[in-house]
$ cat upload-v8.pdb   # PDB, C-alpha atoms
ATOM      1  CA  MET A   1     -29.315  18.154 -19.241  1.00  0.00           C
ATOM      2  CA  ASP A   2     -27.949  20.478 -16.592  1.00  0.00           C
ATOM      3  CA  ASN A   3     -27.954  18.809 -13.184  1.00  0.00           C
ATOM      4  CA  GLY A   4     -26.233  21.716 -11.442  1.00  0.00           C
ATOM      5  CA  LEU A   5     -22.990  19.822 -10.821  1.00  0.00           C
ATOM      6  CA  SER A   6     -19.649  21.118 -12.024  1.00  0.00           C
ATOM      7  CA  TYR A   7     -16.772  18.857 -13.019  1.00  0.00           C
ATOM      8  CA  THR A   8     -13.157  20.004 -13.135  1.00  0.00           C
ATOM      9  CA  LYS A   9      -9.913  18.085 -13.591  1.00  0.00           C
ATOM     10  CA  GLU A  10      -7.286  19.076 -11.076  1.00  0.00           C
ATOM     11  CA  HIS A  11      -4.530  17.706  -8.889  1.00  0.00           C
ATOM     12  CA  CYS A  12      -5.918  15.739  -5.950  1.00  0.00           C
ATOM     13  CA  SER A  13      -4.197  16.163  -2.617  1.00  0.00           C
ATOM     14  CA  VAL A  14      -5.691  12.880  -1.358  1.00  0.00           C
ATOM     15  CA  CYS A  15      -4.429  10.425  -3.999  1.00  0.00           C
ATOM     16  CA  ASP A  16      -1.838  12.645  -5.736  1.00  0.00           C
ATOM     17  CA  ALA A  17      -3.381  12.147  -9.209  1.00  0.00           C
ATOM     18  CA  VAL A  18      -5.086  14.429 -11.703  1.00  0.00           C
ATOM     19  CA  HIS A  19      -8.739  13.479 -12.083  1.00  0.00           C
ATOM     20  CA  THR A  20     -12.212  14.978 -12.172  1.00  0.00           C
ATOM     21  CA  MET A  21     -13.425  16.694  -9.058  1.00  0.00           C
ATOM     22  CA  LEU A  22     -17.134  16.880  -8.400  1.00  0.00           C
ATOM     23  CA  ASP A  23     -17.888  20.122  -6.573  1.00  0.00           C
ATOM     24  CA  GLY A  24     -14.498  20.448  -4.901  1.00  0.00           C
ATOM     25  CA  GLY A  25     -13.338  16.862  -4.558  1.00  0.00           C
ATOM     26  CA  ASP A  26     -13.964  14.001  -2.230  1.00  0.00           C
ATOM     27  CA  ILE A  27     -12.612  10.504  -1.553  1.00  0.00           C
ATOM     28  CA  ILE A  28     -15.387   9.186  -3.826  1.00  0.00           C
ATOM     29  CA  ASP A  29     -13.730  10.954  -6.774  1.00  0.00           C
ATOM     30  CA  CYS A  30     -10.479   9.121  -5.952  1.00  0.00           C
ATOM     31  CA  MET A  31     -12.278   5.779  -5.766  1.00  0.00           C
ATOM     32  CA  ILE A  32     -13.951   6.343  -9.139  1.00  0.00           C
ATOM     33  CA  TYR A  33     -10.634   7.337 -10.722  1.00  0.00           C
ATOM     34  CA  TYR A  34      -8.907   4.268  -9.265  1.00  0.00           C
ATOM     35  CA  ARG A  35     -11.598   1.844 -10.407  1.00  0.00           C
ATOM     36  CA  HIS A  36     -11.668   3.214 -13.953  1.00  0.00           C
ATOM     37  CA  ASN A  37      -7.956   3.792 -14.524  1.00  0.00           C
ATOM     38  CA  ILE A  38      -5.660   1.959 -12.102  1.00  0.00           C
ATOM     39  CA  GLU A  39      -7.420  -1.130 -10.747  1.00  0.00           C
ATOM     40  CA  PRO A  40      -6.223  -4.323 -12.506  1.00  0.00           C
ATOM     41  CA  LYS A  41      -8.788  -5.966 -14.774  1.00  0.00           C
ATOM     42  CA  GLU A  42      -8.672  -9.266 -12.843  1.00  0.00           C
ATOM     43  CA  ILE A  43      -9.537  -7.590  -9.535  1.00  0.00           C
ATOM     44  CA  ARG A  44     -12.340  -5.575 -11.147  1.00  0.00           C
ATOM     45  CA  GLU A  45     -13.874  -8.694 -12.716  1.00  0.00           C
ATOM     46  CA  GLU A  46     -13.645 -10.586  -9.418  1.00  0.00           C
ATOM     47  CA  ARG A  47     -15.340  -7.725  -7.541  1.00  0.00           C
ATOM     48  CA  GLU A  48     -18.068  -7.284 -10.145  1.00  0.00           C
ATOM     49  CA  ALA A  49     -18.771 -11.033 -10.219  1.00  0.00           C
ATOM     50  CA  LYS A  50     -20.011 -10.732  -6.625  1.00  0.00           C
ATOM     51  CA  VAL A  51     -22.648  -8.100  -7.470  1.00  0.00           C
ATOM     52  CA  GLU A  52     -26.224  -9.238  -6.956  1.00  0.00           C
ATOM     53  CA  VAL A  53     -29.356  -7.622  -8.333  1.00  0.00           C
ATOM     54  CA  TRP A  54     -32.924  -7.956  -7.118  1.00  0.00           C
ATOM     55  CA  ASP A  55     -35.352  -9.717  -9.471  1.00  0.00           C
ATOM     56  CA  PRO A  56     -38.752  -8.173  -8.696  1.00  0.00           C
ATOM     57  CA  VAL A  57     -40.648 -10.838 -10.653  1.00  0.00           C
ATOM     58  CA  LYS A  58     -39.154 -13.881  -8.901  1.00  0.00           C
ATOM     59  CA  LYS A  59     -38.537 -11.890  -5.710  1.00  0.00           C
ATOM     60  CA  GLU A  60     -34.997 -13.161  -5.242  1.00  0.00           C
ATOM     61  CA  TRP A  61     -31.400 -12.015  -5.488  1.00  0.00           C
ATOM     62  CA  ASN A  62     -29.447 -13.098  -8.589  1.00  0.00           C
ATOM     63  CA  TYR A  63     -25.842 -12.544  -9.582  1.00  0.00           C
ATOM     64  CA  LYS A  64     -25.363  -9.809 -12.131  1.00  0.00           C
ATOM     65  CA  VAL A  65     -25.039 -11.220 -15.630  1.00  0.00           C
ATOM     66  CA  ARG A  66     -22.112  -9.769 -17.554  1.00  0.00           C
ATOM     67  CA  LYS A  67     -22.913  -8.826 -21.139  1.00  0.00           C
TER      68      LYS A  67
END

$ encode --input "upload-v8.pdb" --output "structure tokens"
Amino acid sequence: MDNGLSYTKEHCSVCDAVHTMLDGGDIIDCMIYYRHNIEPKEIREEREAKVEVWDPVKKEWNYKVRK
């Protein structure tokens, strides 16, 4: 599927790392790189444990269940 977006890996002047750049780079690219490659596992699990999802059947917010 071609969504019209181009990905390139290059040196980032914002975070000084080499990671994918979506259409020229942005701070979002740095955040994605950090979360997938640098962020400690404990911090990631703590952050993701706070994620809530909407249950349309019960019409209430529930914490995301980790699989």

$ axis_aligned_box --input "upload-v8.pdb" --around "range 50-56 of chain A" --padding-each-side "4 Å" --output "AutoDock Vina command-line options"
--center_x -29.4 --center_y -9.2 --center_z -8.0 --size_x 26.7 --size_y 11.1 --size_z 10.8

$ resolve_selection --input "upload-v8.pdb" --expression "the PyMOL selection byres ((chain A and resi 64) around 12)" --output "ChimeraX atom specification"
/A:45,47-55,61-63,65-67

$ atom_distance --input "upload-v8.pdb" --atom1 "CA of Tyr33 in chain A" --atom2 "CA of Thr20 in chain A"
7.9 Å

$ resolve_selection --input "upload-v8.pdb" --expression "the PyMOL selection byres ((chain A and resi 26-29) around 12)" --output "number ranges by chain"
A: 7-25, 30-36

$ build_atoms --input "upload-v8.pdb" --residues "range 13-48 of chain A" --atoms "N, CA and C atoms" --output "PDB file, keeping the file's coordinate frame"
ATOM      1  N   SER A  13      -5.125  16.247  -3.737  1.00  0.00           N
ATOM      2  CA  SER A  13      -4.197  16.163  -2.617  1.00  0.00           C
ATOM      3  C   SER A  13      -4.364  14.863  -1.832  1.00  0.00           C
ATOM      4  N   VAL A  14      -5.443  14.129  -2.067  1.00  0.00           N
ATOM      5  CA  VAL A  14      -5.691  12.880  -1.358  1.00  0.00           C
ATOM      6  C   VAL A  14      -4.913  11.726  -2.001  1.00  0.00           C
ATOM      7  N   CYS A  15      -5.062  11.560  -3.323  1.00  0.00           N
ATOM      8  CA  CYS A  15      -4.429  10.425  -3.999  1.00  0.00           C
ATOM      9  C   CYS A  15      -3.256  10.831  -4.879  1.00  0.00           C
ATOM     10  N   ASP A  16      -2.967  12.115  -4.977  1.00  0.00           N
ATOM     11  CA  ASP A  16      -1.838  12.645  -5.736  1.00  0.00           C
ATOM     12  C   ASP A  16      -1.946  12.325  -7.228  1.00  0.00           C
ATOM     13  N   ALA A  17      -3.152  12.371  -7.783  1.00  0.00           N
ATOM     14  CA  ALA A  17      -3.381  12.147  -9.209  1.00  0.00           C
ATOM     15  C   ALA A  17      -4.207  13.306  -9.754  1.00  0.00           C
ATOM     16  N   VAL A  18      -4.248  13.419 -11.063  1.00  0.00           N
ATOM     17  CA  VAL A  18      -5.086  14.429 -11.703  1.00  0.00           C
ATOM     18  C   VAL A  18      -6.329  13.720 -12.217  1.00  0.00           C
ATOM     19  N   HIS A  19      -7.479  14.077 -11.658  1.00  0.00           N
ATOM     20  CA  HIS A  19      -8.739  13.479 -12.083  1.00  0.00           C
ATOM     21  C   HIS A  19      -9.869  14.461 -11.861  1.00  0.00           C
ATOM     22  N   THR A  20     -11.065  14.083 -12.309  1.00  0.00           N
ATOM     23  CA  THR A  20     -12.212  14.978 -12.172  1.00  0.00           C
ATOM     24  C   THR A  20     -12.566  15.169 -10.706  1.00  0.00           C
ATOM     25  N   MET A  21     -12.992  16.356 -10.410  1.00  0.00           N
ATOM     26  CA  MET A  21     -13.425  16.694  -9.058  1.00  0.00           C
ATOM     27  C   MET A  21     -14.872  17.160  -9.140  1.00  0.00           C
ATOM     28  N   LEU A  22     -15.728  16.508  -8.426  1.00  0.00           N
ATOM     29  CA  LEU A  22     -17.134  16.880  -8.400  1.00  0.00           C
ATOM     30  C   LEU A  22     -17.359  17.846  -7.256  1.00  0.00           C
ATOM     31  N   ASP A  23     -17.625  19.080  -7.575  1.00  0.00           N
ATOM     32  CA  ASP A  23     -17.888  20.122  -6.573  1.00  0.00           C
ATOM     33  C   ASP A  23     -16.815  20.187  -5.485  1.00  0.00           C
ATOM     34  N   GLY A  24     -15.552  20.224  -5.874  1.00  0.00           N
ATOM     35  CA  GLY A  24     -14.498  20.448  -4.901  1.00  0.00           C
ATOM     36  C   GLY A  24     -13.701  19.237  -4.483  1.00  0.00           C
ATOM     37  N   GLY A  25     -14.119  18.060  -4.843  1.00  0.00           N
ATOM     38  CA  GLY A  25     -13.338  16.862  -4.558  1.00  0.00           C
ATOM     39  C   GLY A  25     -13.783  16.139  -3.313  1.00  0.00           C
ATOM     40  N   ASP A  26     -13.563  14.860  -3.328  1.00  0.00           N
ATOM     41  CA  ASP A  26     -13.964  14.001  -2.230  1.00  0.00           C
ATOM     42  C   ASP A  26     -13.265  12.660  -2.430  1.00  0.00           C
ATOM     43  N   ILE A  27     -13.232  11.812  -1.433  1.00  0.00           N
ATOM     44  CA  ILE A  27     -12.612  10.504  -1.553  1.00  0.00           C
ATOM     45  C   ILE A  27     -13.340   9.655  -2.582  1.00  0.00           C
ATOM     46  N   ILE A  28     -14.617   9.917  -2.809  1.00  0.00           N
ATOM     47  CA  ILE A  28     -15.387   9.186  -3.826  1.00  0.00           C
ATOM     48  C   ILE A  28     -14.791   9.424  -5.206  1.00  0.00           C
ATOM     49  N   ASP A  29     -14.364  10.653  -5.490  1.00  0.00           N
ATOM     50  CA  ASP A  29     -13.730  10.954  -6.774  1.00  0.00           C
ATOM     51  C   ASP A  29     -12.470  10.121  -6.957  1.00  0.00           C
ATOM     52  N   CYS A  30     -11.697   9.935  -5.896  1.00  0.00           N
ATOM     53  CA  CYS A  30     -10.479   9.121  -5.952  1.00  0.00           C
ATOM     54  C   CYS A  30     -10.825   7.662  -6.212  1.00  0.00           C
ATOM     55  N   MET A  31     -11.870   7.165  -5.573  1.00  0.00           N
ATOM     56  CA  MET A  31     -12.278   5.779  -5.766  1.00  0.00           C
ATOM     57  C   MET A  31     -12.735   5.543  -7.204  1.00  0.00           C
ATOM     58  N   ILE A  32     -13.484   6.468  -7.758  1.00  0.00           N
ATOM     59  CA  ILE A  32     -13.951   6.343  -9.139  1.00  0.00           C
ATOM     60  C   ILE A  32     -12.771   6.350 -10.099  1.00  0.00           C
ATOM     61  N   TYR A  33     -11.828   7.270  -9.880  1.00  0.00           N
ATOM     62  CA  TYR A  33     -10.634   7.337 -10.722  1.00  0.00           C
ATOM     63  C   TYR A  33      -9.852   6.027 -10.644  1.00  0.00           C
ATOM     64  N   TYR A  34      -9.657   5.512  -9.455  1.00  0.00           N
ATOM     65  CA  TYR A  34      -8.907   4.268  -9.265  1.00  0.00           C
ATOM     66  C   TYR A  34      -9.591   3.109  -9.989  1.00  0.00           C
ATOM     67  N   ARG A  35     -10.878   2.974  -9.808  1.00  0.00           N
ATOM     68  CA  ARG A  35     -11.598   1.844 -10.407  1.00  0.00           C
ATOM     69  C   ARG A  35     -11.613   1.901 -11.923  1.00  0.00           C
ATOM     70  N   HIS A  36     -11.628   3.098 -12.496  1.00  0.00           N
ATOM     71  CA  HIS A  36     -11.668   3.214 -13.953  1.00  0.00           C
ATOM     72  C   HIS A  36     -10.299   3.234 -14.610  1.00  0.00           C
ATOM     73  N   ASN A  37      -9.243   3.593 -13.883  1.00  0.00           N
ATOM     74  CA  ASN A  37      -7.956   3.792 -14.524  1.00  0.00           C
ATOM     75  C   ASN A  37      -6.800   2.968 -13.970  1.00  0.00           C
ATOM     76  N   ILE A  38      -6.815   2.596 -12.723  1.00  0.00           N
ATOM     77  CA  ILE A  38      -5.660   1.959 -12.102  1.00  0.00           C
ATOM     78  C   ILE A  38      -5.920   0.509 -11.724  1.00  0.00           C
ATOM     79  N   GLU A  39      -7.100   0.211 -11.238  1.00  0.00           N
ATOM     80  CA  GLU A  39      -7.420  -1.130 -10.747  1.00  0.00           C
ATOM     81  C   GLU A  39      -7.186  -2.186 -11.831  1.00  0.00           C
ATOM     82  N   PRO A  40      -6.451  -3.253 -11.526  1.00  0.00           N
ATOM     83  CA  PRO A  40      -6.223  -4.323 -12.506  1.00  0.00           C
ATOM     84  C   PRO A  40      -7.539  -4.974 -12.947  1.00  0.00           C
ATOM     85  N   LYS A  41      -7.580  -5.390 -14.193  1.00  0.00           N
ATOM     86  CA  LYS A  41      -8.788  -5.966 -14.774  1.00  0.00           C
ATOM     87  C   LYS A  41      -9.255  -7.203 -14.013  1.00  0.00           C
ATOM     88  N   GLU A  42      -8.314  -8.037 -13.556  1.00  0.00           N
ATOM     89  CA  GLU A  42      -8.672  -9.266 -12.843  1.00  0.00           C
ATOM     90  C   GLU A  42      -9.393  -8.953 -11.530  1.00  0.00           C
ATOM     91  N   ILE A  43      -8.911  -7.971 -10.806  1.00  0.00           N
ATOM     92  CA  ILE A  43      -9.537  -7.590  -9.535  1.00  0.00           C
ATOM     93  C   ILE A  43     -10.918  -7.011  -9.782  1.00  0.00           C
ATOM     94  N   ARG A  44     -11.046  -6.176 -10.812  1.00  0.00           N
ATOM     95  CA  ARG A  44     -12.340  -5.575 -11.147  1.00  0.00           C
ATOM     96  C   ARG A  44     -13.352  -6.655 -11.495  1.00  0.00           C
ATOM     97  N   GLU A  45     -12.951  -7.623 -12.330  1.00  0.00           N
ATOM     98  CA  GLU A  45     -13.874  -8.694 -12.716  1.00  0.00           C
ATOM     99  C   GLU A  45     -14.276  -9.550 -11.525  1.00  0.00           C
ATOM    100  N   GLU A  46     -13.332  -9.806 -10.618  1.00  0.00           N
ATOM    101  CA  GLU A  46     -13.645 -10.586  -9.418  1.00  0.00           C
ATOM    102  C   GLU A  46     -14.641  -9.845  -8.530  1.00  0.00           C
ATOM    103  N   ARG A  47     -14.445  -8.537  -8.369  1.00  0.00           N
ATOM    104  CA  ARG A  47     -15.340  -7.725  -7.541  1.00  0.00           C
ATOM    105  C   ARG A  47     -16.728  -7.648  -8.169  1.00  0.00           C
ATOM    106  N   GLU A  48     -16.778  -7.424  -9.479  1.00  0.00           N
ATOM    107  CA  GLU A  48     -18.068  -7.284 -10.145  1.00  0.00           C
ATOM    108  C   GLU A  48     -18.815  -8.607 -10.246  1.00  0.00           C
TER     109      GLU A  48
END
